[in-house]
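J.: Pasting a structure below so you can have a look.
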Amino acid sequence: MNPSTCEFIDVQVEEKILRIKFNRPDKKNAINRDMYAAMADAIQASNEDTSVRVIVIEGTDGCFTSGNDLKEFMGDPEVGEQSSVERFIQAVLVAEKPIVAAVTGLATGIGTTMLLHCDLVYASEKASFNMPFVNLGLVPEFGSSLLLPHLVGQRRASEMLMLGKPFSAETAQAVGIVNDVVSPDQVIEIALTIAKTLAALPSTALRLTKKLMKQPQAEAIAHHINVEGELFEQALSSPEANEAFTAVMEKRKPNFSQFD
Ligand code: COA
């Protein structure tokens, strides 16, 4: 199968680094199915590609990604194992090479949850993070309801996942979601410098180290992602979610009282 290409995702390999860059700034880098497919294909292909030693996922000026394309959620959402988003999630889960993220700004929904699976994360001091799944009538995805309570503690995880409370880069670093916070004009440069350091290390030792760190939890995470996924799919067609998506697109407050 040829890897899919997409105008909104730039993919290039330079100096043994696979750079995957969101490129849909006018829609705040909202991720549609073609974008998920292009990222899934690029990450999957990297496992067998000896010219790639590290993967960097990067945003555009001031924006990492506003998460899943809400228009696609509202229209005819792709669901099931073969959906592009599922293929992206699986590709990240089984990626053999280290993944470095350069969070250039806003990271919403999967823009934050994907970071829980990256190996190293660098964020702009102006970046902000939020996972407004409940606010959208949805449930958390990508294993976040398992990983976040472990990483940040139950209290903070409840703020992030139940209230959908946004948090700063400083908080993201304090709770262990982000390695380092740097000035906005340095974030991609720092991520690339770290990627070059990784690329110069012995590749087998690096790959095995990643595997050793991921393996103990891999089965539990995969199982939890499936459980989340089933509930997420059901929630997507709920009246609450439809009202929430419509409200965001119409830039108004949602009214959930009609569903009491
Ligand atoms: N899906 C689809 N389109 C999106 C989007 C998303 N997730 N996020 C932003 N956009 C679009 C907006 O509809 C707007 O399109 P338009 O110019 O055709 O009207 C454009 O991107 C710019 O967004 P806008 O809302 O005007 O920018 P802003 O700076 O005022 O706000 C956000 C940015 C990200 C805070 C706001 O767009 C938002 O809340 N988006 C939804 C985020 C979300 O809920 N994601 C899903 C998580 S599961």
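Residues are named by chain letter and number: chains run A, B, ... in the order of the structure tokens, numbers start at 1 in each chain, and ligands are numbered from 1 in the order shown.
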Find the residues near ligand 1. Use a cut-off of 7 Å, count only C-alpha atoms and all ligand atoms, and write them as a PyMOL selection string.

T.: chain A and resi 26-28+30+66-71+108-110+131-133+136+248-249

J.: Find the residues of stretch 62-118 of chain A that sit at most 9 Å from stretch 175-197 of chain A; for each, write down the nearest two atoms and how far apart they are in Å, to one decimal. Count only C-alpha atoms. Sort by chain, then by number going up, and give it as JSON lines.

T.:
{"residue": "A:Gly62", "atom": "CA", "partner": "A:Pro184", "partner_atom": "CA", "distance": 7.4}
{"residue": "A:Pro98", "atom": "CA", "partner": "A:Ala195", "partner_atom": "CA", "distance": 8.6}
{"residue": "A:Ile99", "atom": "CA", "partner": "A:Ala195", "partner_atom": "CA", "distance": 8.6}
{"residue": "A:Val100", "atom": "CA", "partner": "A:Ala191", "partner_atom": "CA", "distance": 6.6}
{"residue": "A:Ala101", "atom": "CA", "partner": "A:Ala191", "partner_atom": "CA", "distance": 6.9}
{"residue": "A:Ala102", "atom": "CA", "partner": "A:Ile188", "partner_atom": "CA", "distance": 5.6}
{"residue": "A:Val103", "atom": "CA", "partner": "A:Val187", "partner_atom": "CA", "distance": 7.2}
{"residue": "A:Thr104", "atom": "CA", "partner": "A:Val187", "partner_atom": "CA", "distance": 6.4}
{"residue": "A:Gly105", "atom": "CA", "partner": "A:Pro184", "partner_atom": "CA", "distance": 8.0}
{"residue": "A:Thr112", "atom": "CA", "partner": "A:Ile177", "partner_atom": "CA", "distance": 8.7}
{"residue": "A:Leu115", "atom": "CA", "partner": "A:Ile177", "partner_atom": "CA", "distance": 7.0}
{"residue": "A:Leu116", "atom": "CA", "partner": "A:Ile177", "partner_atom": "CA", "distance": 6.6}

J.: What does the distance between atom CA of A:Ile221 and atom CA of A:Tyr36 come to in Å, to one decimal place?

T.: 20.0 Å

J.: Counting only C-alpha atoms, what is within 10 Å of stretch 228-236 of chain A, bar same-chain residues fewer than 6 positions away, as a PyMOL selection string?

T.: chain A and resi 73-74+76-81+86+133-134+136-146+222+242+245

J.: Can you tell me how far atom CA of A:Ala218 sits from atom CA of A:Leu163, in Å to one decimal?

T.: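 A separation of 27.6 Å between them.
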
J.: Kindly give the distance, in Å, that separates atom CA of A:Ser128 and atom CA of A:Thr171, rounded to a single decimal.

T.: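 Between atom CA of A:Ser128 and atom CA of A:Thr171 the gap works out to 9.4 Å.
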
J.: Taking only C-alpha atoms into account, name the residue in A:Val152, A:Ala174, A:Leu147, A:Met114 that is nearest to A:Gln90.

T.: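 That would be A:Met114, the residue with the smallest distance to A:Gln90.
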
J.: Determine which residues of stretch 13-233 of chain A receive a DSSP assignment of strand (DSSP E or B), computed from the backbone, and state them as an MDAnalysis selection string.

T.: chainID A and resid 13:14 17:22 31 54:58 60 62:65 68 99:103 105:108 120:124 128:130 167:168 180:182

J.: Taking only C-alpha atoms into account, which of A:Leu120, A:Val227, A:Ala127, A:Leu148 comes nearest A:Glu170?

T.: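 Closest to A:Glu170 of all the choices is A:Ala127.
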
J.: When distances are computed from only C-alpha atoms, which of A:Arg252, A:Arg33, A:Arg155, A:Lys214 shows the smallest separation from A:Val92?

T.: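 Using only C-alpha atoms, the shortest distance to A:Val92 belongs to A:Lys214.
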
J.: With DSSP run on the backbone, what are the alpha helix (DSSP H) residues within stretch 56-252 of chain A? I'd like them as a PyMOL selection string.

T.: chain A and resi 70-74+84-94+110-113+144-152+154-161+169-174+187-199+203-236+239-249

J.: Can you list, as a list in words, every protein, DNA or RNA residue that comes within 12 Å of A:Val11 when you count only C-alpha atoms, leaving out same-chain residues fewer than 5 positions away?

T.: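 Returned residues: Pro3, Ser4, Thr5, Cys6, Ile17, Leu18, Arg19, Ile20, Lys21, Phe22, Asn23, Met35, Ala38, Met39, Ala40, Asp41, Ala42, Ile43, Ala45, Ser46, Ile55, Val56, Ile57 and Glu58 of chain A.
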
J.: Select, from A:Val52, A:Ala107, A:Ala244, A:Cys118, the residue with the minimum atom-to-atom distance to A:Val94, counting only C-alpha atoms.

T.: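 For A:Val94, the nearest of the given residues is A:Cys118.
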
J.: Counting only C-alpha atoms, which residue out of A:Arg53, A:Arg87, A:Lys16, A:Lys253 sits closest to A:Asn135?

T.: A:Lys253
